[in-house]
>>> print(open('coords_19.pdb').read())   # PDB, C-alpha atoms
ATOM      1  CA  MET A 132       0.000   0.000   0.000  1.00  0.00           C
ATOM      2  CA  LYS A 133       1.213   3.508  -0.787  1.00  0.00           C
ATOM      3  CA  ALA A 134       0.424   6.844   0.765  1.00  0.00           C
ATOM      4  CA  ARG A 135       0.775  10.110  -1.087  1.00  0.00           C
ATOM      5  CA  VAL A 136       1.063  13.325   0.871  1.00  0.00           C
ATOM      6  CA  HIS A 137       0.616  16.752  -0.706  1.00  0.00           C
ATOM      7  CA  ILE A 138       1.862  19.611   1.455  1.00  0.00           C
ATOM      8  CA  THR A 139       1.117  23.238   0.599  1.00  0.00           C
ATOM      9  CA  LEU A 140       1.511  26.555   2.334  1.00  0.00           C
ATOM     10  CA  LYS A 141      -1.628  27.910   3.957  1.00  0.00           C
ATOM     11  CA  ASN A 142      -3.331  30.891   2.336  1.00  0.00           C
ATOM     12  CA  GLY A 143      -1.782  34.131   3.504  1.00  0.00           C
ATOM     13  CA  VAL A 144       1.679  32.622   4.107  1.00  0.00           C
ATOM     14  CA  LEU A 145       4.297  34.262   1.906  1.00  0.00           C
ATOM     15  CA  ASP A 146       5.849  31.902  -0.642  1.00  0.00           C
ATOM     16  CA  PRO A 147       9.180  33.379  -1.819  1.00  0.00           C
ATOM     17  CA  GLN A 148      10.081  30.218  -3.734  1.00  0.00           C
ATOM     18  CA  GLY A 149       6.761  30.297  -5.591  1.00  0.00           C
ATOM     19  CA  LYS A 150       7.373  33.978  -6.372  1.00  0.00           C
ATOM     20  CA  ALA A 151      10.851  33.118  -7.730  1.00  0.00           C
ATOM     21  CA  VAL A 152       9.367  30.399  -9.959  1.00  0.00           C
ATOM     22  CA  GLU A 153       6.720  32.831 -11.196  1.00  0.00           C
ATOM     23  CA  HIS A 154       9.386  35.433 -12.007  1.00  0.00           C
ATOM     24  CA  ALA A 155      11.490  32.829 -13.838  1.00  0.00           C
ATOM     25  CA  LEU A 156       8.500  31.690 -15.881  1.00  0.00           C
ATOM     26  CA  HIS A 157       7.809  35.285 -16.880  1.00  0.00           C
ATOM     27  CA  GLY A 158      11.465  35.582 -17.930  1.00  0.00           C
ATOM     28  CA  LEU A 159      11.017  32.507 -20.142  1.00  0.00           C
ATOM     29  CA  GLY A 160       8.051  34.079 -21.890  1.00  0.00           C
ATOM     30  CA  PHE A 161       5.206  32.527 -19.880  1.00  0.00           C
ATOM     31  CA  GLY A 162       3.620  35.847 -18.942  1.00  0.00           C
ATOM     32  CA  GLY A 163       0.128  34.455 -18.353  1.00  0.00           C
ATOM     33  CA  VAL A 164       1.187  32.788 -15.093  1.00  0.00           C
ATOM     34  CA  SER A 165       0.409  34.295 -11.701  1.00  0.00           C
ATOM     35  CA  GLY A 166      -0.067  33.272  -8.090  1.00  0.00           C
ATOM     36  CA  VAL A 167       2.491  30.451  -8.211  1.00  0.00           C
ATOM     37  CA  ARG A 168       2.583  28.464  -4.957  1.00  0.00           C
ATOM     38  CA  GLN A 169       5.146  25.764  -4.356  1.00  0.00           C
ATOM     39  CA  GLY A 170       4.693  22.703  -2.163  1.00  0.00           C
ATOM     40  CA  LYS A 171       5.982  19.230  -1.407  1.00  0.00           C
ATOM     41  CA  PHE A 172       4.941  15.748  -2.509  1.00  0.00           C
ATOM     42  CA  ILE A 173       5.931  12.736  -0.411  1.00  0.00           C
ATOM     43  CA  GLU A 174       5.221   9.104  -1.321  1.00  0.00           C
ATOM     44  CA  LEU A 175       5.503   6.381   1.307  1.00  0.00           C
ATOM     45  CA  ASN A 176       5.371   2.596   1.008  1.00  0.00           C
ATOM     46  CA  LEU A 177       3.393   1.134   3.901  1.00  0.00           C
ATOM     47  CA  THR A 178       3.187  -2.417   5.243  1.00  0.00           C
ATOM     48  CA  SER A 179      -0.297  -1.869   6.627  1.00  0.00           C
ATOM     49  CA  THR A 180      -3.203  -3.560   4.847  1.00  0.00           C
ATOM     50  CA  ASP A 181      -5.883  -1.557   6.678  1.00  0.00           C
ATOM     51  CA  ARG A 182      -6.621   1.565   4.626  1.00  0.00           C
ATOM     52  CA  VAL A 183      -8.208   3.517   7.495  1.00  0.00           C
ATOM     53  CA  ALA A 184      -5.399   2.712   9.938  1.00  0.00           C
ATOM     54  CA  ALA A 185      -2.775   3.534   7.291  1.00  0.00           C
ATOM     55  CA  LYS A 186      -4.313   6.948   6.606  1.00  0.00           C
ATOM     56  CA  LYS A 187      -4.463   7.743  10.320  1.00  0.00           C
ATOM     57  CA  GLU A 188      -0.823   6.702  10.747  1.00  0.00           C
ATOM     58  CA  VAL A 189       0.315   8.916   7.858  1.00  0.00           C
ATOM     59  CA  GLU A 190      -1.716  11.837   9.227  1.00  0.00           C
ATOM     60  CA  ASP A 191       0.080  11.299  12.550  1.00  0.00           C
ATOM     61  CA  MET A 192       3.395  11.390  10.638  1.00  0.00           C
ATOM     62  CA  CYS A 193       2.367  14.669   9.023  1.00  0.00           C
ATOM     63  CA  ARG A 194       1.550  16.284  12.356  1.00  0.00           C
ATOM     64  CA  ALA A 195       4.753  14.941  13.967  1.00  0.00           C
ATOM     65  CA  LEU A 196       7.315  15.550  11.206  1.00  0.00           C
ATOM     66  CA  LEU A 197       6.306  15.848   7.571  1.00  0.00           C
ATOM     67  CA  ALA A 198       4.332  19.110   7.678  1.00  0.00           C
ATOM     68  CA  ASN A 199       4.687  22.286   9.680  1.00  0.00           C
ATOM     69  CA  THR A 200       1.019  22.558  10.622  1.00  0.00           C
ATOM     70  CA  VAL A 201       1.420  26.185  11.711  1.00  0.00           C
ATOM     71  CA  ILE A 202       2.029  27.326   8.121  1.00  0.00           C
ATOM     72  CA  GLU A 203       1.250  24.266   5.961  1.00  0.00           C
ATOM     73  CA  ASN A 204      -1.791  22.225   4.994  1.00  0.00           C
ATOM     74  CA  TYR A 205      -1.525  18.579   4.007  1.00  0.00           C
ATOM     75  CA  ALA A 206      -3.686  16.053   2.203  1.00  0.00           C
ATOM     76  CA  VAL A 207      -3.192  12.292   2.500  1.00  0.00           C
ATOM     77  CA  GLU A 208      -4.210   9.776  -0.175  1.00  0.00           C
ATOM     78  CA  VAL A 209      -3.827   6.028   0.456  1.00  0.00           C
ATOM     79  CA  VAL A 210      -3.721   3.813  -2.652  1.00  0.00           C
ATOM     80  CA  ASP A 211      -3.253   0.087  -3.255  1.00  0.00           C
TER      81      ASP A 211
END
>>> encode(input="coords_19.pdb", output="structure tokens")
Amino acid sequence: MKARVHITLKNGVLDPQGKAVEHALHGLGFGGVSGVRQGKFIELNLTSTDRVAAKKEVEDMCRALLANTVIENYAVEVVD
């Protein structure tokens, strides 16, 4: 079983890396791009066979280590 975690900055949190990407895209001629936000994607292989328990465990991992819940949101997807 795999878990996929998408981590993004909360609305209102400044994203200097996203701003740098946006500026670079404009420099490459992609002027129709705005509001670029950058995040993280983490994929985990799990030994658990219980989907509900696996999702709870990964959410616990997010709160403990993977995401800074003060400034970041996360979404967990568990797939076979």
>>> closest_residue(input="coords_19.pdb", among="A:Glu208, A:Lys141, A:Phe172, A:Ile202", to="Lys186 in chain A", atoms="only C-alpha atoms")
A:Glu208
>>> axis_aligned_box(input="coords_19.pdb", around="range 153-163 of chain A", padding_each_side="6 Å", output="lines of an AutoDock Vina configuration file")
center_x = 5.8
center_y = 33.8
center_z = -16.5
size_x = 23.4
size_y = 16.2
size_z = 22.7
>>> atom_distance(input="coords_19.pdb", atom1="CA of Lys133 in chain A", atom2="CA of Ala206 in chain A")
13.8 Å
>>> atom_distance(input="coords_19.pdb", atom1="CA of Gly162 in chain A", atom2="CA of Leu145 in chain A")
20.9 Å
>>> atom_distance(input="coords_19.pdb", atom1="CA of Ala155 in chain A", atom2="CA of Gly143 in chain A")
21.9 Å
>>> residues_around(input="coords_19.pdb", residues="Val210 in chain A", least_positions_apart="6", cutoff="12 Å", atoms="only C-alpha atoms", output="ChimeraX atom specification")
/A:132-136,174-177,179-183,185-186
>>> write_last_selection(input="coords_19.pdb", atoms="C-alpha atoms", output="PDB file, in the coordinates of the input")
ATOM      1  CA  MET A 132       0.000   0.000   0.000  1.00  0.00           C
ATOM      2  CA  LYS A 133       1.213   3.508  -0.787  1.00  0.00           C
ATOM      3  CA  ALA A 134       0.424   6.844   0.765  1.00  0.00           C
ATOM      4  CA  ARG A 135       0.775  10.110  -1.087  1.00  0.00           C
ATOM      5  CA  VAL A 136       1.063  13.325   0.871  1.00  0.00           C
ATOM      6  CA  GLU A 174       5.221   9.104  -1.321  1.00  0.00           C
ATOM      7  CA  LEU A 175       5.503   6.381   1.307  1.00  0.00           C
ATOM      8  CA  ASN A 176       5.371   2.596   1.008  1.00  0.00           C
ATOM      9  CA  LEU A 177       3.393   1.134   3.901  1.00  0.00           C
ATOM     10  CA  SER A 179      -0.297  -1.869   6.627  1.00  0.00           C
ATOM     11  CA  THR A 180      -3.203  -3.560   4.847  1.00  0.00           C
ATOM     12  CA  ASP A 181      -5.883  -1.557   6.678  1.00  0.00           C
ATOM     13  CA  ARG A 182      -6.621   1.565   4.626  1.00  0.00           C
ATOM     14  CA  VAL A 183      -8.208   3.517   7.495  1.00  0.00           C
ATOM     15  CA  ALA A 185      -2.775   3.534   7.291  1.00  0.00           C
ATOM     16  CA  LYS A 186      -4.313   6.948   6.606  1.00  0.00           C
TER      17      LYS A 186
END
>>> residues_around(input="coords_19.pdb", residues="Ile138 in chain A", least_positions_apart="2", cutoff="9 Å", atoms="only C-alpha atoms", output="list of chain:residue names")
A:Val136, A:Leu140, A:Gly170, A:Lys171, A:Phe172, A:Ile173, A:Leu197, A:Ala198, A:Glu203, A:Asn204, A:Tyr205, A:Ala206, A:Val207
>>> residues_around(input="coords_19.pdb", residues="Val167 in chain A", least_positions_apart="5", cutoff="8 Å", atoms="all atoms listed in the file", output="list in words")
Gly149, Lys150, Val152 and Glu153 of chain A
>>> closest_residue(input="coords_19.pdb", among="A:Asp146, A:Gly163, A:Thr200, A:Val209", to="Ala184 in chain A", atoms="all atoms listed in the file")
A:Val209
>>> closest_residue(input="coords_19.pdb", among="A:Ala195, A:Ala151, A:His137, A:Glu188", to="Ser165 in chain A", atoms="all atoms listed in the file")
A:Ala151
>>> closest_residue(input="coords_19.pdb", among="A:Leu156, A:Phe161, A:Val201, A:Lys187", to="Val144 in chain A", atoms="all atoms listed in the file")
A:Val201
